[in-house]
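run_5.pdb (PDB, C-alpha atoms and all ligand atoms) appears below.
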```pdb
MODEL        1
ATOM      1  CA  MET J   1     -12.866  23.703  30.850  1.00  0.00           C
ATOM      2  CA  ASP J   2     -14.302  20.226  30.292  1.00  0.00           C
ATOM      3  CA  PHE J   3     -16.561  20.112  27.247  1.00  0.00           C
ATOM      4  CA  GLY J   4     -17.105  16.358  27.594  1.00  0.00           C
ATOM      5  CA  PHE J   5     -15.161  15.555  24.437  1.00  0.00           C
ATOM      6  CA  LYS J   6     -11.603  15.781  23.119  1.00  0.00           C
ATOM      7  CA  LEU J   7     -10.305  16.755  19.725  1.00  0.00           C
ATOM      8  CA  SER J   8      -8.551  13.926  17.892  1.00  0.00           C
ATOM      9  CA  PRO J   9      -4.852  14.479  17.209  1.00  0.00           C
ATOM     10  CA  SER J  10      -4.197  15.669  13.672  1.00  0.00           C
ATOM     11  CA  SER J  11      -3.458  12.907  11.166  1.00  0.00           C
ATOM     12  CA  ALA J  12      -1.949  15.350   8.681  1.00  0.00           C
ATOM     13  CA  ILE J  13       1.329  14.201   7.081  1.00  0.00           C
ATOM     14  CA  ASN J  14       3.944  16.770   6.134  1.00  0.00           C
ATOM     15  CA  LEU J  15       5.194  15.281   2.872  1.00  0.00           C
ATOM     16  CA  ASP J  16       8.111  17.750   2.844  1.00  0.00           C
ATOM     17  CA  LYS J  17       9.521  15.942   5.878  1.00  0.00           C
ATOM     18  CA  VAL J  18       8.883  12.381   4.718  1.00  0.00           C
ATOM     19  CA  ASP J  19      11.691  10.270   3.250  1.00  0.00           C
ATOM     20  CA  LEU J  20      10.292   9.013  -0.053  1.00  0.00           C
ATOM     21  CA  SER J  21      13.602   7.801  -1.485  1.00  0.00           C
ATOM     22  CA  ARG J  22      12.532   4.152  -1.471  1.00  0.00           C
ATOM     23  CA  PHE J  23       9.201   5.008  -3.056  1.00  0.00           C
ATOM     24  CA  GLU J  24      11.056   6.842  -5.834  1.00  0.00           C
ATOM     25  CA  LYS J  25      13.260   3.794  -6.325  1.00  0.00           C
ATOM     26  CA  LEU J  26      10.169   1.592  -6.466  1.00  0.00           C
ATOM     27  CA  HIS J  27       8.559   3.958  -8.967  1.00  0.00           C
ATOM     28  CA  GLY J  28      11.678   3.626 -11.115  1.00  0.00           C
ATOM     29  CA  ILE J  29      11.142  -0.105 -11.586  1.00  0.00           C
ATOM     30  CA  GLU J  30       7.337  -0.129 -11.256  1.00  0.00           C
ATOM     31  CA  PRO J  31       6.190   3.052 -13.046  1.00  0.00           C
ATOM     32  CA  ASP J  32       2.594   1.770 -13.128  1.00  0.00           C
ATOM     33  CA  ILE J  33       2.260   2.323  -9.385  1.00  0.00           C
ATOM     34  CA  ILE J  34       1.178   5.908  -9.974  1.00  0.00           C
ATOM     35  CA  LYS J  35      -1.647   4.681 -12.208  1.00  0.00           C
ATOM     36  CA  CYS J  36      -3.431   3.402  -9.099  1.00  0.00           C
ATOM     37  CA  MET J  37      -6.654   5.334  -8.562  1.00  0.00           C
ATOM     38  CA  ALA J  38      -7.377   3.763  -5.159  1.00  0.00           C
ATOM     39  CA  CYS J  39     -10.568   2.161  -6.438  1.00  0.00           C
ATOM     40  CA  GLY J  40     -10.289  -0.760  -4.023  1.00  0.00           C
ATOM     41  CA  SER J  41     -11.073  -3.528  -6.542  1.00  0.00           C
ATOM     42  CA  CYS J  42      -7.895  -5.318  -5.460  1.00  0.00           C
ATOM     43  CA  THR J  43      -8.965  -5.179  -1.831  1.00  0.00           C
ATOM     44  CA  SER J  44     -12.478  -6.411  -2.457  1.00  0.00           C
ATOM     45  CA  SER J  45     -11.205  -9.414  -4.429  1.00  0.00           C
ATOM     46  CA  CYS J  46      -8.372 -10.252  -2.021  1.00  0.00           C
ATOM     47  CA  PRO J  47      -8.869 -13.572  -0.193  1.00  0.00           C
ATOM     48  CA  ALA J  48      -6.552 -12.378   2.602  1.00  0.00           C
ATOM     49  CA  ASN J  49      -8.674  -9.302   3.279  1.00  0.00           C
ATOM     50  CA  ARG J  50     -11.440 -11.196   5.025  1.00  0.00           C
ATOM     51  CA  PHE J  51      -9.270 -12.651   7.769  1.00  0.00           C
ATOM     52  CA  SER J  52      -6.374 -10.186   7.973  1.00  0.00           C
ATOM     53  CA  GLY J  53      -7.616  -6.858   6.597  1.00  0.00           C
ATOM     54  CA  MET J  54      -5.012  -7.024   3.814  1.00  0.00           C
ATOM     55  CA  SER J  55      -5.542  -4.113   1.432  1.00  0.00           C
ATOM     56  CA  LEU J  56      -3.202  -3.433  -1.457  1.00  0.00           C
ATOM     57  CA  ARG J  57      -4.990  -0.126  -1.953  1.00  0.00           C
ATOM     58  CA  LYS J  58      -3.935   0.939   1.560  1.00  0.00           C
ATOM     59  CA  VAL J  59      -0.414  -0.413   1.060  1.00  0.00           C
ATOM     60  CA  ILE J  60       0.062   1.777  -2.020  1.00  0.00           C
ATOM     61  CA  LEU J  61      -1.390   4.860  -0.293  1.00  0.00           C
ATOM     62  CA  ASP J  62       0.802   4.278   2.767  1.00  0.00           C
ATOM     63  CA  LEU J  63       3.952   3.942   0.657  1.00  0.00           C
ATOM     64  CA  GLN J  64       3.108   7.164  -1.184  1.00  0.00           C
ATOM     65  CA  ARG J  65       2.851   8.875   2.211  1.00  0.00           C
ATOM     66  CA  GLY J  66       6.048   7.388   3.637  1.00  0.00           C
ATOM     67  CA  ARG J  67       4.169   5.141   6.097  1.00  0.00           C
ATOM     68  CA  GLU J  68       6.442   2.203   5.354  1.00  0.00           C
ATOM     69  CA  LYS J  69       6.037   0.305   8.616  1.00  0.00           C
ATOM     70  CA  GLU J  70       2.260   0.213   8.264  1.00  0.00           C
ATOM     71  CA  ALA J  71       2.466  -0.845   4.602  1.00  0.00           C
ATOM     72  CA  LEU J  72       4.982  -3.623   5.156  1.00  0.00           C
ATOM     73  CA  GLY J  73       3.136  -4.922   8.194  1.00  0.00           C
ATOM     74  CA  MET J  74      -0.007  -5.310   6.116  1.00  0.00           C
ATOM     75  CA  LEU J  75       1.827  -6.817   3.163  1.00  0.00           C
ATOM     76  CA  ARG J  76       2.930  -9.755   5.306  1.00  0.00           C
ATOM     77  CA  ASN J  77      -0.611 -11.079   4.939  1.00  0.00           C
ATOM     78  CA  CYS J  78      -0.409 -11.304   1.139  1.00  0.00           C
ATOM     79  CA  MET J  79      -0.385 -14.851  -0.243  1.00  0.00           C
ATOM     80  CA  LEU J  80       0.727 -13.788  -3.733  1.00  0.00           C
ATOM     81  CA  CYS J  81      -2.309 -15.467  -5.269  1.00  0.00           C
ATOM     82  CA  GLY J  82      -2.552 -12.845  -8.018  1.00  0.00           C
ATOM     83  CA  LYS J  83      -6.322 -12.299  -7.874  1.00  0.00           C
ATOM     84  CA  CYS J  84      -5.816  -8.548  -7.533  1.00  0.00           C
ATOM     85  CA  THR J  85      -3.895  -8.514 -10.814  1.00  0.00           C
ATOM     86  CA  MET J  86      -6.901  -9.965 -12.633  1.00  0.00           C
ATOM     87  CA  VAL J  87      -9.311  -7.275 -11.432  1.00  0.00           C
ATOM     88  CA  CYS J  88      -7.220  -4.076 -11.467  1.00  0.00           C
ATOM     89  CA  PRO J  89      -9.003  -1.705 -13.893  1.00  0.00           C
ATOM     90  CA  ARG J  90      -5.750   0.180 -14.510  1.00  0.00           C
ATOM     91  CA  GLY J  91      -3.976  -2.953 -15.694  1.00  0.00           C
ATOM     92  CA  ILE J  92      -1.334  -2.802 -12.981  1.00  0.00           C
ATOM     93  CA  ASN J  93       0.569  -6.056 -12.530  1.00  0.00           C
ATOM     94  CA  THR J  94      -0.086  -5.928  -8.815  1.00  0.00           C
ATOM     95  CA  ARG J  95       1.477  -9.286  -8.012  1.00  0.00           C
ATOM     96  CA  HIS J  96       4.729  -8.168  -9.619  1.00  0.00           C
ATOM     97  CA  LEU J  97       4.399  -4.839  -7.836  1.00  0.00           C
ATOM     98  CA  ILE J  98       4.083  -6.606  -4.471  1.00  0.00           C
ATOM     99  CA  LEU J  99       7.237  -8.622  -5.162  1.00  0.00           C
ATOM    100  CA  SER J 100       9.085  -5.417  -6.102  1.00  0.00           C
ATOM    101  CA  ILE J 101       7.901  -3.710  -2.906  1.00  0.00           C
ATOM    102  CA  CYS J 102       9.254  -6.620  -0.852  1.00  0.00           C
ATOM    103  CA  ARG J 103      12.550  -6.435  -2.700  1.00  0.00           C
ATOM    104  CA  ILE J 104      13.037  -2.648  -2.461  1.00  0.00           C
ATOM    105  CA  TYR J 105      11.814  -2.187   1.094  1.00  0.00           C
ATOM    106  CA  GLY J 106      13.428  -5.376   2.344  1.00  0.00           C
ATOM    107  CA  GLU J 107      16.883  -4.358   1.118  1.00  0.00           C
ATOM    108  CA  ASP J 108      17.811  -2.595   4.329  1.00  0.00           C
ATOM    109  CA  GLY J 109      16.163  -5.147   6.541  1.00  0.00           C
ATOM    110  CA  LYS J 110      13.197  -2.945   7.487  1.00  0.00           C
TER     111      LYS J 110
HETATM  112  S1  LIG J 201      -7.430  -2.365  -8.266  1.00  0.00           S
HETATM  113 FE1  LIG J 201      -5.647  -1.338  -9.215  1.00  0.00          FE
HETATM  114  S2  LIG J 201      -6.268   0.827  -9.403  1.00  0.00           S
HETATM  115 FE2  LIG J 201      -7.694  -0.148  -7.957  1.00  0.00          FE
HETATM  116  S3  LIG J 201      -6.808   0.264  -5.903  1.00  0.00           S
HETATM  117 FE3  LIG J 201      -6.061  -1.742  -6.590  1.00  0.00          FE
HETATM  118  S4  LIG J 201      -4.065  -1.355  -7.586  1.00  0.00           S
HETATM  119 FE4  LIG J 201      -5.185   0.620  -7.435  1.00  0.00          FE
HETATM  120  S1  LIG J 202      -1.814 -11.303  -4.467  1.00  0.00           S
HETATM  121 FE1  LIG J 202      -1.933 -10.680  -2.289  1.00  0.00          FE
HETATM  122  S2  LIG J 202      -2.980  -8.678  -2.327  1.00  0.00           S
HETATM  123 FE2  LIG J 202      -3.370  -9.676  -4.312  1.00  0.00          FE
HETATM  124  S3  LIG J 202      -5.352 -10.720  -4.042  1.00  0.00           S
HETATM  125 FE3  LIG J 202      -3.713 -12.211  -3.587  1.00  0.00          FE
HETATM  126  S4  LIG J 202      -3.412 -12.125  -1.360  1.00  0.00           S
HETATM  127 FE4  LIG J 202      -4.558 -10.257  -1.981  1.00  0.00          FE
ENDMDL
END
```
Go ahead and render the structure in this file as structure tokens.
Amino acid sequence: MDFGFKLSPSSAINLDKVDLSRFEKLHGIEPDIIKCMACGSCTSSCPANRFSGMSLRKVILDLQRGREKEALGMLRNCMLCGKCTMVCPRGINTRHLILSICRIYGEDGK
């Protein structure tokens, strides 16, 4: 029967089936990452956001959910200016965090 609309596919993520080994490794060297409360201050101050949609908030959420491809694709737009570090209310050294993400997730060439 055609109701004139379709249900969207579920966007639920089964975290039991997601490989979070790299995120755990990242957490080992950047324990502050779990202090992020997804407030978005980093995103709103990011000069790369306006022209590329760069959002560190989304990058962190994606990594926590095992969506590595999406996170790393977005991170390519970061200019490492460090503005996000100045505004983070949780005191996370976001610039250092970004460098650590590149190091950990770039290790296997992904
Ligand atoms: S400003 Fe800090 S706490 Fe807020 S979303 Fe960005 S990293 Fe997380
Ligand atoms: S360091 Fe990267 S994420 Fe942070 S404000 Fe600058 S361009 Fe945006």
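Across J:Cys42, J:Leu72, J:Ile104, J:Cys88, the tightest approach to ligand LIG 202 (chain J) is made by J:Cys42 when counting all atoms listed in the file.
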Selection under test: the PyMOL selection byres (((not hetatm)) within 8 of (chain J and resi 202)); residues as a ChimeraX atom specification: /J:42-43,45-49,54-56,75,77-85,94-95,98
Neighbours of point (9.3, 8.5, -2.9) within 12 Å, using all atoms listed in the file, written as a list in words: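 Output: Leu15, Asp16, Lys17, Val18, Asp19, Leu20, Ser21, Arg22, Phe23, Glu24, Lys25, Leu26, His27, Gly28, Pro31, Ile33, Ile34, Ile60, Leu61, Asp62, Leu63, Gln64, Arg65, Gly66, Arg67, Glu68, Ile104 and Tyr105 of chain J.
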Answer key for the PyMOL selection byres (((not hetatm)) within 6 of (chain J and resi 201)), residues as a ChimeraX atom specification: /J:36-42,57,88-90,92
Between CA of Gly73 (chain J) and CA of Lys58 (chain J) - distance in Å to one decimal: 11.3 Å
